[in-house]
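Raw contents of upload-v6.cif, mmCIF, C-alpha atoms:
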data_target
loop_
_atom_site.group_PDB
_atom_site.id
_atom_site.type_symbol
_atom_site.label_atom_id
_atom_site.label_comp_id
_atom_site.auth_asym_id
_atom_site.auth_seq_id
_atom_site.Cartn_x
_atom_site.Cartn_y
_atom_site.Cartn_z
ATOM 1 C CA MET A 171 138.197 133.472 77.157
ATOM 2 C CA SER A 172 135.137 131.219 77.182
ATOM 3 C CA GLN A 173 132.626 131.595 79.942
ATOM 4 C CA ALA A 174 131.823 128.384 81.718
ATOM 5 C CA THR A 175 128.425 127.829 83.241
ATOM 6 C CA PRO A 176 128.738 128.622 86.921
ATOM 7 C CA ARG A 177 128.440 125.543 89.103
ATOM 8 C CA THR A 178 126.913 125.639 92.516
ATOM 9 C CA ASP A 179 129.520 125.314 95.226
ATOM 10 C CA PRO A 180 129.309 121.787 96.724
ATOM 11 C CA ARG A 181 129.237 123.332 100.213
ATOM 12 C CA ILE A 182 126.100 125.268 99.293
ATOM 13 C CA VAL A 183 124.477 122.120 97.918
ATOM 14 C CA ARG A 184 125.409 120.202 101.079
ATOM 15 C CA THR A 185 124.098 122.929 103.405
ATOM 16 C CA ARG A 186 120.799 123.177 101.520
ATOM 17 C CA ARG A 187 120.422 119.396 101.616
ATOM 18 C CA MET A 188 121.050 119.413 105.362
ATOM 19 C CA LEU A 189 118.412 122.128 105.808
ATOM 20 C CA ARG A 190 115.967 120.279 103.577
ATOM 21 C CA ASP A 191 116.450 117.014 105.458
ATOM 22 C CA ALA A 192 116.089 118.821 108.793
ATOM 23 C CA LEU A 193 112.852 120.455 107.632
ATOM 24 C CA VAL A 194 111.449 117.095 106.517
ATOM 25 C CA GLU A 195 112.335 115.571 109.906
ATOM 26 C CA LEU A 196 110.697 118.438 111.767
ATOM 27 C CA LEU A 197 107.570 118.290 109.594
ATOM 28 C CA GLU A 198 107.233 114.629 110.590
ATOM 29 C CA GLU A 199 107.131 115.781 114.221
ATOM 30 C CA MET A 200 105.209 119.071 114.185
ATOM 31 C CA ASP A 201 103.217 121.598 112.180
ATOM 32 C CA VAL A 202 105.178 124.013 110.038
ATOM 33 C CA GLU A 203 104.029 126.994 112.155
ATOM 34 C CA LYS A 204 105.906 125.565 115.146
ATOM 35 C CA ILE A 205 109.193 125.293 113.252
ATOM 36 C CA SER A 206 111.524 128.194 113.992
ATOM 37 C CA VAL A 207 114.725 129.078 112.195
ATOM 38 C CA ASN A 208 116.596 128.308 115.444
ATOM 39 C CA ARG A 209 115.063 124.853 115.695
ATOM 40 C CA LEU A 210 115.672 124.142 112.015
ATOM 41 C CA ALA A 211 119.295 125.317 112.131
ATOM 42 C CA GLU A 212 119.917 123.271 115.271
ATOM 43 C CA ARG A 213 118.456 120.151 113.658
ATOM 44 C CA ALA A 214 120.573 120.728 110.542
ATOM 45 C CA THR A 215 123.659 121.247 112.751
ATOM 46 C CA ILE A 216 124.373 124.675 111.309
ATOM 47 C CA ASN A 217 124.078 128.145 112.808
ATOM 48 C CA ARG A 218 121.293 130.651 112.157
ATOM 49 C CA VAL A 219 123.572 132.958 110.205
ATOM 50 C CA THR A 220 124.218 130.160 107.714
ATOM 51 C CA PHE A 221 120.476 129.661 107.288
ATOM 52 C CA TYR A 222 120.037 133.359 106.450
ATOM 53 C CA LEU A 223 122.790 133.160 103.838
ATOM 54 C CA HIS A 224 120.466 130.848 101.883
ATOM 55 C CA TYR A 225 116.903 131.873 102.782
ATOM 56 C CA ARG A 226 114.997 134.892 104.139
ATOM 57 C CA ASP A 227 112.760 132.746 106.341
ATOM 58 C CA ILE A 228 111.077 129.339 106.418
ATOM 59 C CA PRO A 229 108.335 130.254 103.887
ATOM 60 C CA ASP A 230 111.070 131.450 101.499
ATOM 61 C CA MET A 231 112.901 128.158 102.020
ATOM 62 C CA MET A 232 109.734 126.190 101.267
ATOM 63 C CA GLU A 233 109.055 128.240 98.118
ATOM 64 C CA LYS A 234 112.579 127.551 96.872
ATOM 65 C CA MET A 235 112.320 123.862 97.780
ATOM 66 C CA ALA A 236 109.051 123.633 95.835
ATOM 67 C CA ALA A 237 110.699 125.258 92.806
ATOM 68 C CA GLU A 238 113.607 122.793 93.051
ATOM 69 C CA MET A 239 111.157 119.893 93.348
ATOM 70 C CA ILE A 240 109.387 120.959 90.151
ATOM 71 C CA GLU A 241 112.720 121.499 88.382
ATOM 72 C CA ASP A 242 113.817 117.969 89.348
ATOM 73 C CA ILE A 243 110.531 116.462 88.159
ATOM 74 C CA ARG A 244 110.630 118.408 84.881
ATOM 75 C CA ALA A 245 114.153 117.126 84.217
ATOM 76 C CA ILE A 246 112.901 113.561 84.705
ATOM 77 C CA LEU A 247 109.827 114.093 82.535
ATOM 78 C CA GLN A 248 111.857 115.708 79.753
ATOM 79 C CA SER A 249 114.474 112.967 79.657
ATOM 80 C CA PRO A 250 114.635 111.103 76.325
ATOM 81 C CA GLU A 251 113.357 107.863 77.877
ATOM 82 C CA SER A 252 110.282 109.636 79.284
ATOM 83 C CA ARG A 253 109.517 111.379 76.012
ATOM 84 C CA GLN A 254 109.742 108.326 73.791
ATOM 85 C CA THR A 255 106.492 107.185 72.351
ATOM 86 C CA SER A 256 105.602 103.629 72.961
ATOM 87 C CA ALA A 257 104.162 101.360 70.322
ATOM 88 C CA ARG A 258 101.496 100.376 72.847
ATOM 89 C CA LYS A 259 99.037 103.189 73.522
ATOM 90 C CA GLU A 260 98.423 102.219 77.144
ATOM 91 C CA ASP A 261 102.020 102.814 78.169
ATOM 92 C CA TRP A 262 102.812 106.168 79.676
ATOM 93 C CA PRO A 263 106.565 106.310 80.325
ATOM 94 C CA LEU A 264 106.162 109.810 81.755
ATOM 95 C CA MET A 265 103.950 108.529 84.559
ATOM 96 C CA VAL A 266 106.166 105.534 85.337
ATOM 97 C CA ASN A 267 109.242 107.769 85.573
ATOM 98 C CA LEU A 268 107.401 110.316 87.722
ATOM 99 C CA LEU A 269 106.165 107.647 90.139
ATOM 100 C CA GLU A 270 109.600 106.013 90.305
ATOM 101 C CA HIS A 271 111.138 109.381 91.203
ATOM 102 C CA ILE A 272 108.550 109.881 93.955
ATOM 103 C CA ALA A 273 109.178 106.347 95.254
ATOM 104 C CA ASP A 274 112.946 106.944 95.262
ATOM 105 C CA ASN A 275 112.363 110.067 97.391
ATOM 106 C CA PHE A 276 109.477 108.626 99.381
ATOM 107 C CA ARG A 277 110.158 110.256 102.747
ATOM 108 C CA PHE A 278 110.485 113.739 101.252
ATOM 109 C CA TYR A 279 107.358 113.473 99.091
ATOM 110 C CA LYS A 280 105.279 111.819 101.782
ATOM 111 C CA VAL A 281 105.981 114.656 104.202
ATOM 112 C CA ILE A 282 105.665 117.582 101.805
ATOM 113 C CA LEU A 283 102.627 116.357 99.878
ATOM 114 C CA THR A 284 100.611 114.874 102.719
ATOM 115 C CA THR A 285 101.186 117.605 105.311
ATOM 116 C CA ARG A 286 98.169 119.888 105.264
ATOM 117 C CA ARG A 287 100.051 123.076 105.983
ATOM 118 C CA THR A 288 102.711 122.770 103.283
ATOM 119 C CA THR A 289 100.384 123.642 100.422
ATOM 120 C CA VAL A 290 103.098 125.359 98.376
ATOM 121 C CA PHE A 291 104.393 121.922 97.347
ATOM 122 C CA THR A 292 100.962 120.530 96.522
ATOM 123 C CA GLU A 293 100.058 123.622 94.488
ATOM 124 C CA GLN A 294 103.265 123.439 92.439
ATOM 125 C CA PHE A 295 102.861 119.698 91.918
ATOM 126 C CA LEU A 296 99.226 120.149 90.834
ATOM 127 C CA LYS A 297 100.319 122.735 88.233
ATOM 128 C CA LEU A 298 102.817 120.253 86.828
ATOM 129 C CA LEU A 299 100.236 117.429 86.709
ATOM 130 C CA THR A 300 97.766 119.787 85.045
ATOM 131 C CA ALA A 301 100.335 120.506 82.320
ATOM 132 C CA MET A 302 100.819 116.743 81.854
ATOM 133 C CA VAL A 303 97.068 116.213 81.478
ATOM 134 C CA ILE A 304 96.783 119.097 79.017
ATOM 135 C CA GLU A 305 99.634 117.700 76.921
ATOM 136 C CA ARG A 306 97.916 114.331 76.893
ATOM 137 C CA ILE A 307 94.475 115.587 75.836
ATOM 138 C CA ASP A 308 95.689 118.218 73.367
ATOM 139 C CA SER A 309 96.728 115.535 70.905
ATOM 140 C CA PRO A 310 94.525 115.044 67.811
ATOM 141 C CA GLU A 311 93.369 111.703 69.263
ATOM 142 C CA GLY A 312 92.546 113.288 72.636
ATOM 143 C CA GLU A 313 90.569 116.121 71.069
ATOM 144 C CA ALA A 314 88.620 113.662 68.907
ATOM 145 C CA ASN A 315 87.757 111.570 71.984
ATOM 146 C CA LEU A 316 86.497 114.631 73.880
ATOM 147 C CA ALA A 317 84.396 115.753 70.942
ATOM 148 C CA ALA A 318 82.923 112.261 70.463
ATOM 149 C CA LEU A 319 82.038 112.017 74.147
ATOM 150 C CA GLY A 320 80.761 115.601 74.427
ATOM 151 C CA ILE A 321 83.063 116.387 77.355
ATOM 152 C CA GLN A 322 84.401 119.888 77.986
ATOM 153 C CA ARG A 323 88.196 120.179 77.827
ATOM 154 C CA ASP A 324 88.519 122.263 81.026
ATOM 155 C CA ILE A 325 86.462 119.754 83.016
ATOM 156 C CA VAL A 326 88.698 116.918 81.813
ATOM 157 C CA VAL A 327 91.777 118.922 82.864
ATOM 158 C CA TRP A 328 90.347 119.639 86.340
ATOM 159 C CA TYR A 329 89.226 116.061 86.822
ATOM 160 C CA GLY A 330 92.380 114.446 85.463
ATOM 161 C CA SER A 331 94.871 116.552 87.427
ATOM 162 C CA SER A 332 92.854 116.321 90.662
ATOM 163 C CA ALA A 333 92.489 112.554 90.304
ATOM 164 C CA LEU A 334 96.225 112.150 89.684
ATOM 165 C CA ILE A 335 97.349 114.233 92.645
ATOM 166 C CA GLY A 336 94.729 112.713 94.923
ATOM 167 C CA THR A 337 95.759 109.190 93.993
ATOM 168 C CA ILE A 338 99.482 109.933 94.376
ATOM 169 C CA ILE A 339 98.920 111.502 97.796
ATOM 170 C CA SER A 340 96.823 108.515 98.920
ATOM 171 C CA TRP A 341 99.520 106.166 97.577
ATOM 172 C CA LEU A 342 102.107 108.002 99.700
ATOM 173 C CA ARG A 343 99.878 108.129 102.807
ATOM 174 C CA ASN A 344 99.430 104.365 102.541
ATOM 175 C CA ASP A 345 103.208 103.797 102.273
ATOM 176 C CA MET A 346 103.143 102.935 98.559
ATOM 177 C CA PRO A 347 101.344 99.567 98.614
ATOM 178 C CA TYR A 348 101.802 99.296 94.825
ATOM 179 C CA THR A 349 104.905 99.637 92.664
ATOM 180 C CA PRO A 350 105.222 102.717 90.438
ATOM 181 C CA GLN A 351 104.803 100.496 87.362
ATOM 182 C CA TYR A 352 101.623 98.898 88.716
ATOM 183 C CA LEU A 353 100.110 102.263 89.684
ATOM 184 C CA ALA A 354 100.939 103.753 86.268
ATOM 185 C CA LYS A 355 99.279 100.736 84.617
ATOM 186 C CA GLN A 356 96.182 101.272 86.775
ATOM 187 C CA PHE A 357 96.047 104.910 85.640
ATOM 188 C CA MET A 358 96.170 103.722 82.033
ATOM 189 C CA LEU A 359 93.437 101.134 82.555
ATOM 190 C CA MET A 360 91.179 103.790 84.110
ATOM 191 C CA ARG A 361 91.960 106.212 81.305
ATOM 192 C CA ARG A 362 91.032 103.642 78.669
ATOM 193 C CA GLN A 363 87.799 102.882 80.539
ATOM 194 C CA HIS A 364 86.850 106.595 80.490
ATOM 195 C CA GLU A 365 87.652 106.859 76.773
ATOM 196 C CA ARG A 366 85.268 104.089 75.748
ATOM 197 C CA PRO A 367 82.152 105.403 73.942
#

Can you turn what I pasted into structure tokens?
Amino acid sequence: MSQATPRTDPRIVRTRRMLRDALVELLEEMDVEKISVNRLAERATINRVTFYLHYRDIPDMMEKMAAEMIEDIRAILQSPESRQTSARKEDWPLMVNLLEHIADNFRFYKVILTTRRTTVFTEQFLKLLTAMVIERIDSPEGEANLAALGIQRDIVVWYGSSALIGTIISWLRNDMPYTPQYLAKQFMLMRRQHERP
């Protein structure tokens, strides 16, 4: 008998989505500290007992949501179309796909990344962006550029990841005035400017 990969029950997926959507709605209205399990369950149109079948408390829910967010983003970044290398050096399919995903889930990302008291999401997202920057600069070409410019690798990582997350958060706060493709192109133009000797 072959073992199939267990699939998540659609009812569980639906309940978690309802809770997630309810949390996003409540975060648009109030600080996270004011959100109770009762209020969240009521907004999600479920009972408290159902909430506790999925999460210990609201911080546990947010931790799990952050992990799911990173898992979703990783899946997008590891897709074949994101990983393909472009003939043109300035293209960064990874960044375009990441920004398109954020744009497609604008309301969720705007609330969780721009709300000051939901740092668990920002911290997880910053770790992911840091890994992207490291992958980018750890190429032979990237290392040669750093050596030629006399710039320390760790400083480039700090600067690059902080600039990316700061720009993405500002883009969300300003209701995405630029398309994902345009913003990714701007990142590339800035990167090329910094790489000039």

| query | Distance atom CA of A:Gly336-atom CA of A:Leu247, one decimal place? | reply |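 Pair atom CA of A:Gly336 / atom CA of A:Leu247 returns 19.6 Å.
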
- [ ] Could you jot down the atom CA of A:Arg226 to atom CA of A:Ile246 separation for me, Å, one decimal place?
- [x]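 One can read the atom CA of A:Arg226 to atom CA of A:Ile246 distance as 28.9 Å.
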
Could you give me, as a list of chain:residue names, the residues that have an atom at most 12 Å away from the point (107.0, 105.5, 100.7) in the coordinates of the file, using all atoms listed in the file?
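All residues meeting the 12 Å criterion around (107.0, 105.5, 100.7) are A:Leu269, A:Glu270, A:His271, A:Ile272, A:Ala273, A:Asp274, A:Asn275, A:Phe276, A:Arg277, A:Phe278, A:Tyr279, A:Lys280, A:Val281, A:Leu283, A:Thr284, A:Ile338, A:Ile339, A:Ser340, A:Trp341, A:Leu342, A:Arg343, A:Asn344, A:Asp345, A:Met346, A:Pro347, A:Tyr348, A:Thr349, A:Pro350.
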
Between A:Ile321, A:Trp328, A:Leu210, A:Leu196, which one has atoms that come closest to A:Thr285, using only C-alpha atoms?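 Of all the options, A:Leu196 lies closest to A:Thr285.
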
Every residue with an atom at most 9 Å from (107.3, 102.3, 87.0) (file coordinates; all atoms listed in the file) is what I'm after, so could you write them as a list in words?
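Checking each residue against the 9 Å limit leaves Pro263, Met265, Val266, Asn267, Leu268, Leu269, Glu270, Thr349, Pro350, Gln351, Tyr352, Leu353, Ala354 and Lys355 of chain A.
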
Exercise for the section: Quote the spacing between atom CA of A:Ala237 and atom CA of A:Gln294 in Å to one decimal place. Expected result: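 Going from atom CA of A:Ala237 over to atom CA of A:Gln294, I get 7.7 Å.
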
field: Residues within 10 Å of A:Ile228, only C-alpha atoms, excluding chain neighbours under 4 positions, as a VMD selection string
entry: chain A and resid 193 202 to 203 205 to 207 210 221 to 222 232 to 234

Using the file's own x, y and z axes, so that the box edges lie along x, y and z, what centre and edge lengths in Å (one decimal) does a box around every listed atom of stretch 348-354 of chain A get when 5 Å is added on each side? Give it as lines of an AutoDock Vina configuration file.
center_x = 102.7
center_y = 101.3
center_z = 90.5
size_x = 15.1
size_y = 14.9
size_z = 18.6

Inset, instruction - Just the residues within 10 Å of A:Thr300, please, counting only C-alpha atoms, with nothing from its chain fewer than 5 positions along; format it as a list in words. - result: Gln294, Phe295, Glu305, Arg306, Val327, Trp328, Tyr329, Gly330, Ser331, Ser332, Leu334 and Ile335 of chain A

Practice task
Find the residue from A:Asp201, A:Thr220, A:Pro250, A:Ala314 that sits nearest to A:Met188; use all atoms listed in the file when measuring.
Solution key: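 Smallest distance to A:Met188 is found for A:Thr220.
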